[in-house]
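In what follows, a single structure is set out as structure tokens and then discussed.
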Amino acid sequence: MVTRGSANELSVEKVGKLLIQYSIPAIIATAAASLYNIIDRIFIGQGVGPLAISGLALTFPLMNILAAFGSLVGVGSSAMVSIRLGQHDRRGATLILGNAVMLNIILGTVVPAITIIFLEPILYALGASKDTLPYAKEFMQIILAGNIFTHLYLGLNNIMRASGYPQKAMVTTLVTVAVNLVLAPLYIFVFKWGIRGAAFATVCAQITGTAWALFHFARIDSFVHFLPGYMRLKRVIIKDIFSIGMSNFLMLICSSVVVSIMNLSLSRYGGDFAIGAFGIINSIANLVVMIVIGFNQGMQPIVGYNYGAKKILRVIKTYKITVFAGVCVTCFGFLLAEIFPRQIASAFTTSKELIDLAAMGMRLNLIMLPIVGFQVVTTNFFQSIGKAKISIFLSLARQVLLLIPALLILPLFLGLNGVWLSGPVADLTSSIITLMVLQWQIKKMQHGYPLQ
């Protein structure tokens with residue numbers, strides 16, 4: 001249980017110990033959630049069919065758009081809570097909590113309501129064929145209906161972690177994953193609900209997670225909790241939340257555009273199964289990146305609190321340790337993807353064509369995975385200290401300035417291989433840009449100048 005004094009440990013305890021303390025629960029939670037997504041796709045591939053994997057992959061851009069609005073509030077509010085607590089402003093943190101709940105309810109209702117009206121033409125625009133459209137449509141109808149719970153669960157869980165409850169946030173995620181893993185095979189294999197069953201299991205799990213998080217913040221002994229009169233939306237708080245969350249928002253929106261272009265290119269050069277292969281590759285890459293994000297989530301309250309307390313040396317030390325850990329994780333993921341691509345793909349499907357495409361694509365698409373850890377941690381670092389402009393620039397540099405042109409140009413010369421290699425080209429170039437920006441900003445911090 002968090003007490004008044006426990007938040008102060010962020011400014012006095014050893015950085016390495018704090019990072020382990022805050023990261024391990026987050027890593028367990030993010031890895032478990034990502035593993036669920038992998039297992040869910042295995043259920044779908046084995047229980048529904050290979051085209052269902054392709055249909056599910058078609059929904060990635062749309063899912064990213066929904067996640068973008070949730071991240072806009074969830075990431076922005078959690079960073080602001082950490083900074084306010086570092087400034088010993090508990091009332092400010094409570095106001096942010098209340099505004100985050102209201103914003104999640106509004107966005108979690110309005111965005112899916114508009115999307116579901118135009119769902120079929122959207123999916124066709126994203127590369128759906130007559131064979132894959134039914135799977136994508138059935139899945140998204142259920143997900144959109146339960147989107148408000150997704151927003152609330154993820155947003156409140158981020159704030160729970162940022163306010164000093166990393167273990168409880170981990171348990172919240174594990175509970176949702178457990179519910180999901182129990183219900184998905186039941187709905188798919190026993191009830192024969194097909195891909196709708198997978199979506200319905202996901203929504204039920206997130207309703208459970210939302211209820212768990214609401215109960216936590218309703219308790220008066222929680223360090224930050226709901227208070228009467230603190231739910232009213234305030235323009236200045238919304239502006240602060242959106243300014244910090246905008247980096248993740250734009251990154252996910254750009255990711256949606258990128259994945260849409262990729263799906264269209266895959267469909268052109270490899271057909272429906274190439275899209276399914278990307279769905280498998282994306283699942284594996286997401287697992288690796290989510291572990292790094294777990295380190296980021298552990299880093300965020302430490303960096304945010306110490307930046308608010310103006311302890312810059314602790315901020316820099318925390319960042320360096322997190323980068324090292326993140327790069328170790330991505331290097332390990334790279335080795336697995338390069339050595340065992342066919343074995344990994346075979347877990348998702350028995351289709352030889354899909355396995356062949358996924359194995360080839362995995363080796364090419366994840367060739368620059370080792371440096372992704374540095375890129376992900378550094379972008380999140382600037383976001384954690386409230387420097388949204390830098391984080392936004394780094395996100396857009398990879399997605400818009402580098403990856404989209406690569407996706408449009410390389411396939412013209414290399415065909416399907418050009419699609420797979422576009423990501424690595426963007427990763428390498430953007431990491432060089434990130435390193436230059438980081439060196440410049442670290443020098444300013446070490447000389448006592450505020451980041452701009």
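Letters for chains follow the order of the structure tokens (A, B, ...), residue numbers begin at 1 for each chain, and ligand numbers begin at 1 in the order shown.
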
Gln300 of chain A environment, 12 Å, only C-alpha atoms, sequence neighbours closer than 2 positions dropped, as number ranges by chain: A: 10, 18-19, 22-23, 26, 75-83, 86, 158-159, 161-164, 166, 293-298, 302-308, 315, 318-319, 322, 377-386

Pro185 of chain A surroundings by only C-alpha atoms, 12 Å radius, close-in-sequence under 2 positions cut, as number ranges by chain: A: 36, 39-48, 178-183, 187-202

Mind checking which residues fall within 6 Å of Asn263 of chain A, counting only C-alpha atoms, ignoring those fewer than 4 positions away in the same chain, and posting them as a PyMOL selection string? chain A and resi 259+267+275

Output N, CA and C atoms for every residue in the selection just made, as a PDB file, in the first residue's frame.
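The result, stored in out_38.pdb:
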ATOM      1  N   VAL A 259       0.515   1.230 -41.537  1.00  0.00           N
ATOM      2  CA  VAL A 259       0.036  -0.150 -41.646  1.00  0.00           C
ATOM      3  C   VAL A 259      -0.979  -0.278 -42.784  1.00  0.00           C
ATOM      4  N   SER A 267      -1.028  -6.713 -50.090  1.00  0.00           N
ATOM      5  CA  SER A 267      -2.098  -7.285 -50.901  1.00  0.00           C
ATOM      6  C   SER A 267      -1.712  -7.280 -52.384  1.00  0.00           C
ATOM      7  N   ILE A 275      -0.768 -10.426 -46.029  1.00  0.00           N
ATOM      8  CA  ILE A 275      -1.314  -9.610 -44.939  1.00  0.00           C
ATOM      9  C   ILE A 275      -1.363 -10.432 -43.658  1.00  0.00           C
TER      10      ILE A 275
END

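Minimum atom-to-atom distance to Ser431 of chain A, evaluated using only C-alpha atoms, belongs to A:Ile371 out of A:Leu416, A:Leu401, A:Met140, A:Ile371.
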
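Summary of the local environment: counting only C-alpha atoms, residues at most 9 Å from Met63 of chain A, other than itself and those fewer than 4 positions away along its chain, are Thr59, Ala67, Ala68, Met140, Ile143 and Ser256 of chain A.
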
Take the residues from that selection and write them out as a PDB file, in the first residue's frame, keeping C-alpha atoms.
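What landed in result-v6.pdb:
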ATOM      1  CA  THR A  59      -8.073  -4.341 -38.359  1.00  0.00           C
ATOM      2  CA  ALA A  67      -5.794   3.210 -29.254  1.00  0.00           C
ATOM      3  CA  ALA A  68      -4.541   6.643 -30.295  1.00  0.00           C
ATOM      4  CA  MET A 140     -14.473  -4.864 -35.180  1.00  0.00           C
ATOM      5  CA  ILE A 143     -14.535  -4.263 -30.312  1.00  0.00           C
ATOM      6  CA  SER A 256      -2.337   3.439 -38.670  1.00  0.00           C
TER       7      SER A 256
END

Å distance separating atom CA of Pro112 of chain A from atom CA of Ser283 of chain A, one decimal place: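 It comes out at 23.7 Å.
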
Sorted by chain and rising residue number, which residues of segment 57-106 of chain A lie within 12 Å of segment 235-241 of chain A, and what are their closest atom pairs and distances in Å to one decimal, counting only C-alpha atoms, as a Markdown table?
| residue | atom | partner | partner_atom | distance |
| --- | --- | --- | --- | --- |
| A:Phe69 | CA | A:Ile241 | CA | 11.8 |
| A:Gly70 | CA | A:Ile241 | CA | 11.6 |
| A:Ser71 | CA | A:Ile241 | CA | 10.2 |
| A:Leu72 | CA | A:Ile241 | CA | 7.4 |
| A:Val73 | CA | A:Ile241 | CA | 6.2 |
| A:Gly74 | CA | A:Ile241 | CA | 8.4 |
| A:Val75 | CA | A:Ile241 | CA | 8.0 |
| A:Gly76 | CA | A:Ile241 | CA | 4.4 |
| A:Ser77 | CA | A:Ile241 | CA | 5.1 |
| A:Ser78 | CA | A:Ile241 | CA | 8.5 |
| A:Ala79 | CA | A:Ile241 | CA | 8.2 |
| A:Met80 | CA | A:Ile241 | CA | 6.8 |
| A:Val81 | CA | A:Ile241 | CA | 9.7 |
| A:Ile83 | CA | A:Asp240 | CA | 11.3 |
| A:Arg84 | CA | A:Asp240 | CA | 11.5 |
| A:Gly92 | CA | A:Ile237 | CA | 9.0 |
| A:Ala93 | CA | A:Ile237 | CA | 10.1 |
| A:Thr94 | CA | A:Ile237 | CA | 11.0 |
| A:Leu95 | CA | A:Ile237 | CA | 7.9 |
| A:Ile96 | CA | A:Ile237 | CA | 6.5 |
| A:Leu97 | CA | A:Ile237 | CA | 10.0 |
| A:Gly98 | CA | A:Ile237 | CA | 10.1 |
| A:Asn99 | CA | A:Ile238 | CA | 7.2 |
| A:Ala100 | CA | A:Ile241 | CA | 8.2 |
| A:Val101 | CA | A:Ile238 | CA | 11.4 |
| A:Met102 | CA | A:Ile238 | CA | 10.4 |
| A:Leu103 | CA | A:Ile238 | CA | 8.4 |
| A:Asn104 | CA | A:Ile238 | CA | 11.5 |

Residues just named, written with N, CA and C atoms as a compact mmCIF listing (two decimals), in the first residue's frame:
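File selection_31.txt, as written:
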# COMPACT_ATOMS: atom_id res chain seq x y z
N PHE A 69 -6.65 7.52 -29.47
CA PHE A 69 -7.47 8.40 -28.62
C PHE A 69 -7.36 7.99 -27.15
N GLY A 70 -7.26 6.69 -26.89
CA GLY A 70 -7.06 6.25 -25.52
C GLY A 70 -5.70 6.67 -24.98
N SER A 71 -4.69 6.59 -25.83
CA SER A 71 -3.33 6.96 -25.43
C SER A 71 -3.21 8.46 -25.23
N LEU A 72 -3.94 9.23 -26.02
CA LEU A 72 -3.92 10.68 -25.88
C LEU A 72 -4.25 11.09 -24.45
N VAL A 73 -5.21 10.41 -23.87
CA VAL A 73 -5.62 10.70 -22.49
C VAL A 73 -4.79 9.92 -21.48
N GLY A 74 -4.63 8.62 -21.71
CA GLY A 74 -3.97 7.77 -20.73
C GLY A 74 -2.52 8.12 -20.49
N VAL A 75 -1.75 8.28 -21.55
CA VAL A 75 -0.33 8.60 -21.41
C VAL A 75 -0.15 10.03 -20.90
N GLY A 76 -0.92 10.96 -21.46
CA GLY A 76 -0.79 12.35 -21.03
C GLY A 76 -1.16 12.54 -19.57
N SER A 77 -2.22 11.91 -19.12
CA SER A 77 -2.66 12.09 -17.74
C SER A 77 -1.70 11.41 -16.76
N SER A 78 -1.18 10.24 -17.10
CA SER A 78 -0.26 9.55 -16.18
C SER A 78 1.04 10.33 -16.03
N ALA A 79 1.55 10.89 -17.13
CA ALA A 79 2.77 11.70 -17.03
C ALA A 79 2.53 12.94 -16.18
N MET A 80 1.37 13.57 -16.35
CA MET A 80 1.06 14.76 -15.56
C MET A 80 0.88 14.43 -14.08
N VAL A 81 0.30 13.27 -13.78
CA VAL A 81 0.16 12.86 -12.38
C VAL A 81 1.53 12.70 -11.74
N ILE A 83 4.36 14.15 -12.57
CA ILE A 83 4.98 15.46 -12.41
C ILE A 83 4.35 16.23 -11.25
N ARG A 84 3.02 16.17 -11.14
CA ARG A 84 2.33 16.87 -10.03
C ARG A 84 2.75 16.28 -8.68
N GLY A 92 -3.60 18.68 -7.53
CA GLY A 92 -3.47 18.73 -8.99
C GLY A 92 -3.55 17.35 -9.61
N ALA A 93 -2.94 16.35 -8.95
CA ALA A 93 -2.99 14.98 -9.45
C ALA A 93 -4.43 14.45 -9.43
N THR A 94 -5.18 14.80 -8.40
CA THR A 94 -6.58 14.36 -8.30
C THR A 94 -7.44 14.99 -9.39
N LEU A 95 -7.19 16.25 -9.68
CA LEU A 95 -7.91 16.92 -10.77
C LEU A 95 -7.63 16.26 -12.11
N ILE A 96 -6.39 15.86 -12.32
CA ILE A 96 -6.02 15.18 -13.57
C ILE A 96 -6.73 13.84 -13.67
N LEU A 97 -6.81 13.10 -12.56
CA LEU A 97 -7.53 11.83 -12.54
C LEU A 97 -8.98 12.01 -12.96
N GLY A 98 -9.66 12.97 -12.36
CA GLY A 98 -11.06 13.21 -12.69
C GLY A 98 -11.27 13.60 -14.14
N ASN A 99 -10.41 14.48 -14.64
CA ASN A 99 -10.53 14.89 -16.05
C ASN A 99 -10.23 13.73 -16.99
N ALA A 100 -9.30 12.87 -16.61
CA ALA A 100 -8.97 11.72 -17.45
C ALA A 100 -10.16 10.78 -17.59
N VAL A 101 -10.88 10.56 -16.50
CA VAL A 101 -12.06 9.69 -16.55
C VAL A 101 -13.11 10.26 -17.51
N MET A 102 -13.40 11.54 -17.38
CA MET A 102 -14.43 12.16 -18.22
C MET A 102 -14.02 12.15 -19.69
N LEU A 103 -12.75 12.44 -19.96
CA LEU A 103 -12.28 12.45 -21.35
C LEU A 103 -12.34 11.05 -21.96
N ASN A 104 -11.99 10.03 -21.16
CA ASN A 104 -12.06 8.66 -21.67
C ASN A 104 -13.49 8.24 -21.98

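Between atom CA of Ala113 of chain A and atom CA of Asn147 of chain A lies a distance of 9.6 Å.
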
Just want the 9 Å neighbourhood of Leu357 of chain A, counted on only C-alpha atoms, with same-chain residues fewer than 4 positions away dropped. Output as a compact mmCIF listing (two decimals) with C-alpha atoms, in the first residue's frame.
# COMPACT_ATOMS: atom_id res chain seq x y z
CA GLY A 270 1.67 -11.02 -52.00
CA PHE A 273 -1.81 -14.41 -47.07
CA ALA A 274 0.93 -11.77 -47.11
CA GLY A 276 -1.77 -12.57 -42.60
CA ALA A 277 2.01 -13.05 -42.51
CA PHE A 278 2.40 -9.45 -41.43
CA LYS A 352 2.44 -23.92 -45.64
CA GLU A 353 1.97 -20.84 -47.83
CA GLY A 361 9.08 -11.62 -43.85
CA MET A 362 10.14 -12.06 -40.21

Excluding Cys331 of chain A and any residue of its chain fewer than 6 positions from it, enumerate the residues within 9 Å of it, using only C-alpha atoms, and give them as a VMD selection string. chain A and resid 369 to 371 373

Counting only C-alpha atoms, the residue of A:Gly108, A:Pro301, A:Gly279, A:Gly326 that sits nearest Gln375 of chain A: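 Answer, going by the shortest atom-to-atom distance: A:Gly326.
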
Using atom CA of Ile253 of chain A and atom CA of Leu126 of chain A as the two end points, give the distance in Å to one decimal. 13.8 Å

Pick from A:Leu403, A:Leu133, A:Leu410, A:Ala309: nearest to His88 of chain A, with only C-alpha atoms counted? A:Ala309
